[in-house]
$ cat final-v9.txt   # compact mmCIF, C-alpha atoms and all ligand atoms
# COMPACT_ATOMS: atom_id res chain seq x y z
CA MET A 1 47.87 -65.14 37.88
CA GLN A 2 47.88 -66.33 34.28
CA ILE A 3 45.35 -65.96 31.51
CA THR A 4 44.29 -69.51 30.71
CA GLY A 5 41.05 -69.06 28.80
CA THR A 6 39.47 -66.53 26.45
CA ASP A 7 36.05 -66.54 24.86
CA VAL A 8 33.74 -64.25 22.97
CA PHE A 9 29.93 -64.16 23.12
CA LEU A 10 27.97 -62.52 20.32
CA THR A 11 24.49 -62.25 21.77
CA ARG A 12 21.29 -60.37 20.98
CA PRO A 13 19.12 -59.84 24.06
CA GLY A 14 17.26 -57.06 22.20
CA ARG A 15 20.26 -55.87 20.18
CA ASN A 16 23.70 -57.22 19.30
CA TYR A 17 26.40 -57.23 21.98
CA LEU A 18 29.90 -58.68 21.75
CA LEU A 19 31.20 -59.77 25.16
CA VAL A 20 34.72 -60.85 26.07
CA LYS A 21 35.35 -63.44 28.78
CA ILE A 22 38.82 -63.98 30.24
CA GLU A 23 39.62 -66.85 32.60
CA THR A 24 42.66 -67.27 34.85
CA ASN A 25 44.48 -70.20 36.43
CA GLU A 26 43.14 -69.00 39.82
CA GLY A 27 39.57 -69.46 38.70
CA ILE A 28 38.78 -65.73 38.49
CA VAL A 29 36.74 -64.74 35.44
CA GLY A 30 36.44 -61.22 33.96
CA TRP A 31 33.96 -59.71 31.48
CA GLY A 32 34.43 -56.90 28.98
CA ASP A 33 32.47 -55.21 26.19
CA ALA A 34 33.80 -55.17 22.61
CA THR A 35 30.56 -54.25 20.80
CA LEU A 36 30.97 -52.26 17.59
CA ASN A 37 27.50 -51.39 16.33
CA GLY A 38 26.89 -52.93 12.88
CA ARG A 39 30.43 -54.38 12.62
CA GLU A 40 30.33 -56.97 15.42
CA LYS A 41 31.61 -59.86 13.29
CA ALA A 42 34.79 -57.99 12.38
CA VAL A 43 35.67 -57.49 16.06
CA GLU A 44 34.76 -61.09 16.87
CA ALA A 45 37.21 -62.26 14.20
CA ALA A 46 39.95 -59.91 15.43
CA LEU A 47 39.58 -61.35 18.93
CA GLU A 48 39.38 -65.01 17.91
CA HIS A 49 42.06 -65.05 15.24
CA HIS A 50 44.56 -62.47 16.44
CA ILE A 51 44.18 -61.18 19.99
CA PHE A 52 43.14 -64.26 21.99
CA PRO A 53 46.00 -66.49 20.77
CA GLU A 54 48.51 -63.74 21.66
CA LEU A 55 46.93 -63.20 25.09
CA GLN A 56 47.22 -66.81 26.28
CA GLY A 57 49.66 -67.29 29.15
CA HIS A 58 50.14 -63.57 29.93
CA SER A 59 49.87 -62.32 33.47
CA ALA A 60 46.26 -61.18 33.96
CA THR A 61 47.32 -58.49 36.46
CA ARG A 62 49.52 -56.55 33.98
CA ILE A 63 46.82 -54.40 32.44
CA GLN A 64 49.03 -51.51 31.33
CA ASP A 65 51.51 -53.87 29.72
CA ILE A 66 48.82 -55.80 27.84
CA TRP A 67 47.26 -52.52 26.67
CA GLN A 68 50.62 -51.33 25.28
CA MET A 69 51.19 -54.68 23.67
CA PHE A 70 47.92 -54.66 21.72
CA PHE A 71 47.93 -50.94 20.98
CA ARG A 72 51.56 -50.51 19.89
CA GLN A 73 53.41 -53.75 19.63
CA THR A 74 51.18 -55.26 16.99
CA TYR A 75 52.19 -52.22 14.87
CA TRP A 76 48.70 -51.25 13.62
CA ARG A 77 47.15 -48.74 16.00
CA GLY A 78 43.63 -47.73 16.80
CA GLY A 79 40.77 -48.15 14.39
CA PRO A 80 37.26 -49.16 15.41
CA VAL A 81 37.80 -52.92 15.05
CA LEU A 82 41.11 -53.36 16.87
CA ASN A 83 40.38 -50.82 19.57
CA SER A 84 36.91 -52.17 20.32
CA ALA A 85 38.52 -55.60 20.69
CA LEU A 86 41.14 -54.10 23.02
CA SER A 87 38.37 -52.40 25.03
CA GLY A 88 36.78 -55.77 25.73
CA VAL A 89 40.10 -57.21 26.91
CA ASP A 90 40.95 -54.17 29.05
CA MET A 91 37.57 -54.13 30.85
CA ALA A 92 37.76 -57.88 31.52
CA LEU A 93 41.24 -57.44 33.04
CA TRP A 94 40.04 -54.62 35.34
CA ASP A 95 37.12 -56.87 36.34
CA ILE A 96 39.62 -59.62 37.21
CA LYS A 97 41.87 -57.23 39.13
CA GLY A 98 38.92 -56.03 41.22
CA LYS A 99 37.77 -59.57 41.95
CA CYS A 100 41.33 -60.53 42.86
CA ALA A 101 41.62 -57.58 45.29
CA ASP A 102 38.03 -58.13 46.50
CA LEU A 103 37.29 -54.47 45.69
CA PRO A 104 34.99 -52.68 43.25
CA VAL A 105 36.94 -51.24 40.32
CA TYR A 106 36.26 -47.63 41.38
CA GLU A 107 38.30 -48.33 44.55
CA LEU A 108 41.25 -49.44 42.40
CA LEU A 109 40.97 -46.18 40.44
CA GLY A 110 41.49 -44.08 43.57
CA GLY A 111 38.12 -44.38 45.28
CA ARG A 112 34.95 -42.38 44.99
CA THR A 113 34.91 -38.69 44.19
CA ARG A 114 31.07 -38.69 44.28
CA GLU A 115 28.16 -40.67 45.68
CA TYR A 116 26.52 -41.15 42.26
CA ALA A 117 27.03 -40.14 38.64
CA ASP A 118 24.46 -37.65 37.30
CA VAL A 119 22.81 -38.88 34.13
CA TYR A 120 20.98 -37.50 31.15
CA ARG A 121 18.14 -39.18 29.39
CA HIS A 122 17.16 -39.23 25.72
CA CYS A 123 13.92 -37.28 25.29
CA GLY A 124 14.20 -36.81 21.52
CA ALA A 125 11.17 -37.33 19.27
CA PRO A 126 9.80 -36.35 15.86
CA THR A 127 7.65 -33.54 17.33
CA THR A 128 8.36 -30.85 19.89
CA ASP A 129 5.24 -31.77 21.90
CA GLU A 130 6.48 -35.33 22.30
CA ILE A 131 9.92 -34.07 23.32
CA ILE A 132 8.35 -31.89 26.02
CA GLU A 133 6.23 -34.78 27.25
CA ASN A 134 9.31 -37.05 27.44
CA CYS A 135 11.17 -34.33 29.34
CA ARG A 136 8.33 -34.02 31.87
CA ASP A 137 8.43 -37.80 32.45
CA ALA A 138 12.18 -37.67 33.02
CA LEU A 139 11.92 -34.66 35.35
CA ALA A 140 9.27 -36.52 37.39
CA ARG A 141 11.85 -39.29 37.91
CA GLY A 142 14.51 -36.88 39.15
CA ILE A 143 16.48 -36.55 35.88
CA ASP A 144 17.24 -32.91 35.20
CA HIS A 145 19.69 -33.33 32.28
CA LEU A 146 17.71 -33.97 29.13
CA ARG A 147 18.75 -34.67 25.55
CA VAL A 148 16.08 -32.93 23.52
CA ASN A 149 16.94 -33.95 19.96
CA TYR A 150 14.37 -33.03 17.38
CA HIS A 151 14.62 -35.83 14.86
CA PRO A 152 12.30 -36.82 12.04
CA GLN A 153 12.22 -40.50 10.98
CA THR A 154 15.70 -41.94 11.54
CA ASP A 155 16.91 -42.01 7.96
CA GLU A 156 15.52 -38.66 6.84
CA TYR A 157 17.51 -35.51 6.27
CA LEU A 158 17.96 -33.49 9.49
CA ASP A 159 16.63 -29.94 9.21
CA LEU A 160 19.00 -27.91 11.40
CA GLN A 161 16.70 -24.88 11.45
CA ARG A 162 13.93 -27.05 12.90
CA VAL A 163 16.39 -28.30 15.53
CA VAL A 164 17.04 -24.71 16.64
CA GLU A 165 13.34 -23.79 16.71
CA SER A 166 12.30 -26.96 18.51
CA THR A 167 15.01 -26.57 21.17
CA ALA A 168 13.94 -22.97 21.83
CA ASP A 169 10.32 -24.13 22.22
CA VAL A 170 11.39 -26.87 24.64
CA ARG A 171 13.28 -24.30 26.75
CA ASP A 172 10.22 -22.02 26.79
CA ALA A 173 8.00 -24.88 27.91
CA LEU A 174 10.34 -26.19 30.63
CA GLY A 175 11.67 -22.93 32.03
CA PRO A 176 15.26 -22.07 32.90
CA ARG A 177 16.16 -24.95 35.25
CA PRO A 178 16.65 -28.26 33.39
CA GLU A 179 19.92 -28.77 31.57
CA LEU A 180 19.37 -29.35 27.84
CA ILE A 181 21.63 -31.26 25.46
CA VAL A 182 21.42 -31.37 21.66
CA ASP A 183 23.27 -33.93 19.47
CA ILE A 184 23.42 -33.14 15.75
CA HIS A 185 25.52 -36.23 14.94
CA GLY A 186 28.11 -34.51 12.74
CA ARG A 187 25.53 -33.34 10.24
CA ALA A 188 26.59 -29.67 9.95
CA ASP A 189 29.43 -28.05 8.04
CA PRO A 190 31.66 -25.88 10.27
CA ILE A 191 29.96 -22.60 9.43
CA GLU A 192 26.48 -24.16 9.67
CA ALA A 193 27.47 -25.56 13.06
CA ALA A 194 28.64 -22.08 14.10
CA ARG A 195 25.27 -20.67 13.07
CA VAL A 196 23.33 -23.39 14.91
CA ALA A 197 25.46 -22.82 18.02
CA THR A 198 24.99 -19.04 17.84
CA GLU A 199 21.23 -19.36 17.44
CA LEU A 200 21.14 -21.75 20.39
CA GLU A 201 23.04 -19.38 22.71
CA PRO A 202 19.86 -17.96 24.33
CA VAL A 203 18.71 -21.53 25.13
CA ARG A 204 21.78 -21.97 27.38
CA LEU A 205 22.59 -25.55 26.42
CA PHE A 206 24.51 -27.88 28.71
CA TYR A 207 26.29 -28.81 25.50
CA LEU A 208 25.98 -29.18 21.75
CA GLU A 209 27.23 -32.61 20.74
CA ASP A 210 29.03 -33.74 17.58
CA PRO A 211 28.44 -30.46 15.73
CA VAL A 212 30.71 -31.54 12.84
CA ARG A 213 32.21 -34.74 11.53
CA PRO A 214 35.22 -36.19 13.41
CA GLU A 215 38.02 -35.98 10.85
CA ASN A 216 39.25 -32.39 11.14
CA PRO A 217 39.71 -30.81 14.60
CA ASP A 218 40.32 -27.36 13.03
CA ALA A 219 36.60 -27.20 12.20
CA PHE A 220 35.95 -26.62 15.90
CA GLU A 221 37.81 -23.31 15.75
CA THR A 222 35.12 -21.89 13.48
CA ILE A 223 32.42 -22.81 15.97
CA ARG A 224 34.43 -21.51 18.95
CA ARG A 225 35.04 -18.16 17.21
CA HIS A 226 31.32 -17.52 17.00
CA ALA A 227 29.44 -19.02 19.92
CA ALA A 228 29.68 -19.32 23.69
CA VAL A 229 28.04 -22.75 23.66
CA PRO A 230 29.70 -25.71 25.41
CA LEU A 231 30.75 -28.40 22.94
CA ALA A 232 31.04 -32.19 23.36
CA MET A 233 32.87 -34.52 21.01
CA GLY A 234 34.46 -37.94 20.89
CA GLU A 235 32.06 -40.88 20.45
CA LEU A 236 33.56 -41.62 17.01
CA PHE A 237 37.17 -41.53 18.16
CA THR A 238 38.73 -44.95 18.41
CA ASN A 239 42.36 -44.00 19.00
CA PRO A 240 42.59 -42.00 22.26
CA TRP A 241 45.11 -39.66 20.62
CA GLU A 242 42.33 -38.32 18.34
CA MET A 243 40.84 -36.51 21.32
CA LEU A 244 44.07 -34.65 22.15
CA PRO A 245 43.99 -31.62 19.82
CA LEU A 246 40.44 -30.79 20.88
CA VAL A 247 41.28 -30.92 24.58
CA GLU A 248 44.73 -29.34 24.41
CA ARG A 249 43.53 -26.44 22.26
CA GLU A 250 40.46 -26.11 24.49
CA LEU A 251 38.15 -26.45 21.52
CA VAL A 252 35.66 -28.64 23.41
CA ASP A 253 34.25 -28.71 26.92
CA TYR A 254 33.30 -32.39 27.25
CA ILE A 255 35.21 -35.57 26.38
CA ARG A 256 32.63 -37.90 24.94
CA THR A 257 34.70 -40.92 24.01
CA ASP A 258 33.25 -44.42 24.31
CA LEU A 259 35.03 -46.82 26.66
CA GLY A 260 34.02 -49.65 24.33
CA HIS A 261 35.90 -48.09 21.40
CA ILE A 262 38.98 -46.26 22.68
CA GLY A 263 40.49 -49.27 24.44
CA GLY A 264 38.59 -49.51 27.73
CA ILE A 265 39.14 -48.09 31.20
CA THR A 266 42.91 -47.62 30.90
CA PRO A 267 42.90 -44.87 28.20
CA ALA A 268 39.68 -43.32 29.57
CA LEU A 269 41.46 -42.52 32.82
CA LYS A 270 44.37 -40.95 30.97
CA LEU A 271 42.07 -38.84 28.80
CA ALA A 272 40.16 -37.68 31.87
CA GLY A 273 43.50 -36.70 33.42
CA ILE A 274 44.43 -34.60 30.39
CA GLY A 275 40.97 -33.02 30.46
CA GLU A 276 41.37 -32.11 34.12
CA HIS A 277 44.37 -29.91 33.29
CA HIS A 278 42.31 -27.99 30.74
CA TYR A 279 39.11 -27.75 32.85
CA VAL A 280 37.44 -30.10 30.39
CA ARG A 281 34.98 -32.56 31.90
CA THR A 282 33.78 -35.99 30.82
CA ALA A 283 30.49 -37.04 29.25
CA PHE A 284 31.36 -40.61 28.31
CA HIS A 285 29.19 -42.23 25.66
CA GLY A 286 26.42 -44.46 27.05
CA PRO A 287 24.15 -45.37 24.11
CA PRO A 288 22.08 -48.57 23.80
CA ASP A 289 24.84 -50.17 21.71
CA LEU A 290 27.29 -50.04 24.62
CA SER A 291 26.47 -53.28 26.46
CA PRO A 292 25.56 -53.24 30.17
CA VAL A 293 29.12 -54.49 30.85
CA GLY A 294 30.57 -51.46 29.03
CA PHE A 295 28.15 -49.20 30.88
CA ALA A 296 29.29 -50.66 34.22
CA ALA A 297 32.94 -50.03 33.32
CA THR A 298 32.07 -46.45 32.39
CA VAL A 299 30.24 -45.73 35.64
CA HIS A 300 33.19 -47.02 37.70
CA VAL A 301 35.35 -44.41 35.96
CA ASP A 302 32.69 -41.68 36.40
CA LEU A 303 32.56 -42.33 40.14
CA SER A 304 36.31 -42.07 40.62
CA ILE A 305 37.44 -39.07 38.54
CA PRO A 306 37.31 -35.47 39.75
CA ASN A 307 36.29 -33.92 36.42
CA PHE A 308 33.24 -36.05 35.71
CA GLY A 309 30.60 -33.99 33.89
CA ILE A 310 27.59 -36.13 33.01
CA GLN A 311 26.77 -39.71 32.02
CA GLU A 312 24.49 -40.65 29.13
CA MET A 313 22.20 -43.38 30.45
CA THR A 314 20.50 -46.24 28.65
CA GLU A 315 17.74 -47.93 30.62
CA TYR A 316 18.29 -51.33 29.06
CA GLU A 317 15.37 -53.13 30.66
CA ARG A 318 12.94 -50.36 29.77
CA ILE A 319 13.96 -50.65 26.12
CA TYR A 320 14.67 -54.38 25.70
CA GLY A 321 12.66 -55.90 28.56
CA GLU A 322 13.44 -59.10 30.44
CA ARG A 323 15.88 -60.41 27.85
CA ILE A 324 18.46 -58.07 29.37
CA ALA A 325 17.95 -59.46 32.87
CA ASP A 326 18.25 -63.01 31.47
CA VAL A 327 21.78 -62.29 30.28
CA PHE A 328 23.13 -59.66 32.70
CA SER A 329 22.87 -59.49 36.48
CA GLY A 330 24.15 -56.70 38.72
CA GLY A 331 25.41 -53.56 37.00
CA PRO A 332 24.75 -49.88 37.64
CA GLU A 333 21.40 -48.79 39.00
CA PHE A 334 19.52 -45.57 38.51
CA ILE A 335 18.47 -44.00 41.80
CA GLU A 336 15.36 -41.88 41.32
CA LYS A 337 15.78 -39.37 44.10
CA THR A 338 19.30 -38.42 42.99
CA GLY A 339 18.84 -38.46 39.21
CA GLY A 340 22.07 -40.44 39.02
CA VAL A 341 23.50 -43.95 38.69
CA ASP A 342 25.58 -45.91 41.14
CA VAL A 343 27.25 -49.31 41.25
CA SER A 344 27.13 -51.88 44.02
CA ASP A 345 30.20 -52.61 46.17
CA GLU A 346 30.60 -56.06 44.57
CA PRO A 347 34.22 -56.75 43.57
CA GLY A 348 35.30 -56.00 40.00
CA LEU A 349 32.81 -54.38 37.64
CA GLY A 350 29.92 -55.85 39.62
CA ILE A 351 28.15 -57.36 36.62
CA GLU A 352 27.87 -61.00 35.62
CA VAL A 353 26.86 -62.69 32.38
CA ASN A 354 24.68 -65.79 32.16
CA GLU A 355 26.45 -67.70 29.40
CA ASP A 356 23.62 -70.12 28.59
CA ALA A 357 21.14 -67.25 28.29
CA ALA A 358 23.60 -65.26 26.14
CA ARG A 359 24.00 -68.24 23.79
CA GLY A 360 20.23 -68.47 23.46
CA TYR A 361 19.86 -64.99 21.95
CA GLU A 362 21.21 -65.37 18.45
CA TYR A 363 23.05 -62.66 16.53
CA GLU A 364 21.25 -61.03 13.62
CA ARG A 365 23.02 -58.85 11.10
CA SER A 366 22.03 -55.19 11.40
CA HIS A 367 23.54 -51.80 10.67
CA LEU A 368 23.00 -48.12 11.36
CA PRO A 369 20.63 -46.11 9.15
CA MET A 370 22.19 -44.97 5.85
CA PRO A 371 20.43 -41.71 4.98
CA ARG A 372 20.78 -39.76 1.72
CA ASN A 373 20.33 -36.08 0.98
CA PRO A 374 17.34 -35.04 -1.12
CA ASP A 375 19.61 -35.08 -4.22
CA GLY A 376 20.62 -38.68 -3.54
CA SER A 377 24.13 -38.03 -2.19
CA VAL A 378 25.48 -39.63 1.01
CA GLN A 379 24.55 -37.97 4.29
CA ASP A 380 25.95 -38.74 7.76
CA TRP A 381 23.48 -40.29 10.11
C1 LIG A 401 24.42 -41.31 19.71
C2 LIG A 401 24.60 -42.81 19.55
O1 LIG A 401 24.19 -41.71 22.02
C3 LIG A 401 24.55 -40.90 21.17
O2 LIG A 401 24.99 -39.80 21.42
O3 LIG A 401 25.18 -40.49 18.95
O4 LIG A 401 23.34 -43.36 19.71
C4 LIG A 401 25.19 -43.32 18.25
O5 LIG A 401 24.37 -43.01 17.18
C5 LIG A 401 25.37 -44.81 18.29
O6 LIG A 401 26.08 -45.17 19.43
C6 LIG A 401 26.07 -45.34 17.04
O7 LIG A 401 26.41 -46.66 17.20
MG MG A 402 25.97 -38.79 19.96
$ encode --input "final-v9.txt" --output "structure tokens"
Amino acid sequence: MQITGTDVFLTRPGRNYLLVKIETNEGIVGWGDATLNGREKAVEAALEHHIFPELQGHSATRIQDIWQMFFRQTYWRGGPVLNSALSGVDMALWDIKGKCADLPVYELLGGRTREYADVYRHCGAPTTDEIIENCRDALARGIDHLRVNYHPQTDEYLDLQRVVESTADVRDALGPRPELIVDIHGRADPIEAARVATELEPVRLFYLEDPVRPENPDAFETIRRHAAVPLAMGELFTNPWEMLPLVERELVDYIRTDLGHIGGITPALKLAGIGEHHYVRTAFHGPPDLSPVGFAATVHVDLSIPNFGIQEMTEYERIYGERIADVFSGGPEFIEKTGGVDVSDEPGLGIEVNEDAARGYEYERSHLPMPRNPDGSVQDW
């Protein structure tokens, strides 16, 4: 089965998504997600000018080979632009393989290890009272893993002391049962992160996410030396090898890479396998800027691996309304009584894209917040 057609759709049904479409000479079509938040045009150009022309005529069933070709053989490796582009291609090829076999992708990955994938919901807000209220809503819907970020307005400086106090207040209000997650988005220095983690020990977090910036894995040793708090890291890694030192040195407890940035399903499975040997579980990234196609790919992996930990869930239609349903049909569903997501048994990724609707929602340039410290210097968001 040969790749005969490739296309890219930059659409904005509420926010920007970059979707990859691959067609074959047997009429089977696959979809993938190559969205890179705020840098969508760069990935679109990489696909159109470099990757698509080189993909034409290749066998659509040779996913591993195509992955190696675009990761290694083009010489330049990783990076957010090239690896997001590769993610879109990889997911589309798994979608095609599933449709060709008439099986959902999770069956091709070894079959189910669970009936659903437990999710956590964002309950963060600018005040602790609002966070508690959001948590109570989520609990009423069966979700017992809650991200309780205290955050002021999005581009303000994050007060880490307030984060600690707010999280302790949330735990007091909700009692010992719900699992709580805090993401500080790389805004602490190593020793600050160690202090935050130590002060959060009595709260018994499910995990502390992105305590420090992604460049230097040694920083995690400082945190580990001080606190018995589970750590999650990886959403900023774009080359799967970046995750290795953290897993192999057992410096983190959750692999949080994004299937839309590390190269798709193929490297996610390998990373999960490495994690399994170190008793490290997965918590794959599932933010609003991963498209519903990327989310579907992620849930297929969650359902098939033994060391799945938790899945971040975006409820696209609740945030962006009917525009989402205009463009995407199928895809994972949240099941209230379980507090988890599941996919249908449709072949492939089980999600389809309405091309006319996608074309109707035009791209608008946007980017992530760019906060500054009180003295005017650059701060991570
Ligand atoms: C966040 C993301 O979901 C998360 O954990 O860290 O929302 C992140 O800020 C965005 O995906 C950036 O594009
Ligand atoms: Mg995060």
$ residues_near_ligand --input "final-v9.txt" --ligand "ligand LIG 401 (chain A)" --cutoff "6 Å" --atoms "all atoms listed in the file" --output "PyMOL selection string"
chain A and resi 37+185+287+289
$ atom_distance --input "final-v9.txt" --atom1 "CA of Asp129 (chain A)" --atom2 "CA of Ala232 (chain A)"
25.8 Å
$ closest_residue --input "final-v9.txt" --among "A:Glu199, A:Asp183, A:Glu242, A:Asp218" --to "ligand MG 402 (chain A)" --atoms "only C-alpha atoms and all ligand atoms"
A:Asp183
$ residues_around --input "final-v9.txt" --residues "Val299 (chain A)" --least-positions-apart "2" --cutoff "8 Å" --atoms "all atoms listed in the file" --output "JSON, numbers by chain"
{"A": [117, 295, 296, 297, 301, 302, 303, 311, 332, 341, 342, 343]}
$ residues_near_ligand --input "final-v9.txt" --ligand "ligand MG 402 (chain A)" --cutoff "12 Å" --atoms "only C-alpha atoms and all ligand atoms" --output "CSV table (one decimal) with C-alpha atoms, in the frame of the given file"
chain,number,residue,atom,x,y,z
A,122,HIS,CA,17.2,-39.2,25.7
A,147,ARG,CA,18.8,-34.7,25.6
A,149,ASN,CA,16.9,-34.0,20.0
A,181,ILE,CA,21.6,-31.3,25.5
A,182,VAL,CA,21.4,-31.4,21.7
A,183,ASP,CA,23.3,-33.9,19.5
A,184,ILE,CA,23.4,-33.1,15.8
A,185,HIS,CA,25.5,-36.2,14.9
A,186,GLY,CA,28.1,-34.5,12.7
A,187,ARG,CA,25.5,-33.3,10.2
A,207,TYR,CA,26.3,-28.8,25.5
A,208,LEU,CA,26.0,-29.2,21.8
A,209,GLU,CA,27.2,-32.6,20.7
A,210,ASP,CA,29.0,-33.7,17.6
A,211,PRO,CA,28.4,-30.5,15.7
A,212,VAL,CA,30.7,-31.5,12.8
A,213,ARG,CA,32.2,-34.7,11.5
A,214,PRO,CA,35.2,-36.2,13.4
A,231,LEU,CA,30.8,-28.4,22.9
A,232,ALA,CA,31.0,-32.2,23.4
A,233,MET,CA,32.9,-34.5,21.0
A,234,GLY,CA,34.5,-37.9,20.9
A,235,GLU,CA,32.1,-40.9,20.4
A,236,LEU,CA,33.6,-41.6,17.0
A,237,PHE,CA,37.2,-41.5,18.2
A,255,ILE,CA,35.2,-35.6,26.4
A,256,ARG,CA,32.6,-37.9,24.9
A,257,THR,CA,34.7,-40.9,24.0
A,258,ASP,CA,33.2,-44.4,24.3
A,283,ALA,CA,30.5,-37.0,29.2
A,284,PHE,CA,31.4,-40.6,28.3
A,285,HIS,CA,29.2,-42.2,25.7
A,286,GLY,CA,26.4,-44.5,27.0
A,287,PRO,CA,24.2,-45.4,24.1
A,288,PRO,CA,22.1,-48.6,23.8
A,289,ASP,CA,24.8,-50.2,21.7
A,312,GLU,CA,24.5,-40.6,29.1
A,381,TRP,CA,23.5,-40.3,10.1
$ atom_distance --input "final-v9.txt" --atom1 "CA of Thr338 (chain A)" --atom2 "CA of Ser304 (chain A)"
17.6 Å
$ residues_around --input "final-v9.txt" --residues "Gly78 (chain A)" --least-positions-apart "4" --cutoff "10 Å" --atoms "only C-alpha atoms" --output "ChimeraX atom specification"
/A:70-72,82-84,86,237-242,261-263
$ closest_residue --input "final-v9.txt" --among "A:Leu55, A:Ile310, A:Leu103, A:Leu251" --to "His278 (chain A)" --atoms "only C-alpha atoms"
A:Leu251
$ atom_distance --input "final-v9.txt" --atom1 "CA of Thr282 (chain A)" --atom2 "CA of Asn307 (chain A)"
6.5 Å
$ closest_residue --input "final-v9.txt" --among "A:Gly110, A:Gly14, A:Pro230, A:Gly5" --to "Gly27 (chain A)" --atoms "all atoms listed in the file"
A:Gly5
$ residues_around --input "final-v9.txt" --residues "Glu40 (chain A)" --least-positions-apart "3" --cutoff "12 Å" --atoms "all atoms listed in the file" --output "number ranges by chain"
A: 8-12, 15-19, 33-37, 43-47, 80-82, 84-85, 289-290, 363-367
$ residues_around --input "final-v9.txt" --residues "Val353 (chain A)" --least-positions-apart "6" --cutoff "10 Å" --atoms "all atoms listed in the file" --output "PyMOL selection string"
chain A and resi 9+19+21+30-31+292-293+325-330
$ residues_around --input "final-v9.txt" --residues "Asp95 (chain A)" --least-positions-apart "6" --cutoff "12 Å" --atoms "all atoms listed in the file" --output "JSON, numbers by chain"
{"A": [20, 21, 22, 23, 24, 28, 29, 30, 31, 32, 33, 60, 61, 63, 88, 89, 101, 102, 103, 104, 105, 106, 107, 108, 264, 265, 293, 294, 296, 297, 300, 346, 347, 348, 349, 350, 351, 352]}
$ closest_residue --input "final-v9.txt" --among "A:Leu368, A:Val378, A:Leu271, A:Met313" --to "Gly38 (chain A)" --atoms "all atoms listed in the file"
A:Leu368
$ closest_residue --input "final-v9.txt" --among "A:Cys135, A:Ala358, A:Leu146, A:Ile324" --to "Arg121 (chain A)" --atoms "all atoms listed in the file"
A:Leu146
$ decode --input "final-v9.txt" --residues "region 243-269 of chain A" --atoms "C-alpha atoms" --output "short mmCIF file (atom, residue, chain, number, x, y, z; two decimals), in the first residue's frame"
data_model
loop_
_atom_site.label_atom_id
_atom_site.label_comp_id
_atom_site.auth_asym_id
_atom_site.auth_seq_id
_atom_site.Cartn_x
_atom_site.Cartn_y
_atom_site.Cartn_z
CA MET A 243 13.48 11.76 28.70
CA LEU A 244 16.09 9.01 29.18
CA PRO A 245 18.34 10.38 31.95
CA LEU A 246 15.34 11.20 34.12
CA VAL A 247 13.86 7.73 33.76
CA GLU A 248 17.09 5.74 33.88
CA ARG A 249 18.36 7.59 36.96
CA GLU A 250 14.89 7.28 38.51
CA LEU A 251 14.68 11.02 39.01
CA VAL A 252 11.01 11.20 38.01
CA ASP A 253 7.95 9.03 38.58
CA TYR A 254 5.81 9.99 35.56
CA ILE A 255 6.70 10.33 31.86
CA ARG A 256 4.76 13.34 30.68
CA THR A 257 5.85 13.62 27.07
CA ASP A 258 3.41 14.83 24.42
CA LEU A 259 2.65 12.42 21.57
CA GLY A 260 2.24 15.43 19.30
CA HIS A 261 5.83 16.57 19.93
CA ILE A 262 8.06 13.53 20.46
CA GLY A 263 7.21 11.88 17.15
CA GLY A 264 3.86 10.20 17.75
CA ILE A 265 2.79 6.75 18.93
CA THR A 266 5.98 4.93 17.90
CA PRO A 267 8.41 6.63 20.37
CA ALA A 268 5.72 6.88 23.08
CA LEU A 269 5.51 3.09 23.20
#
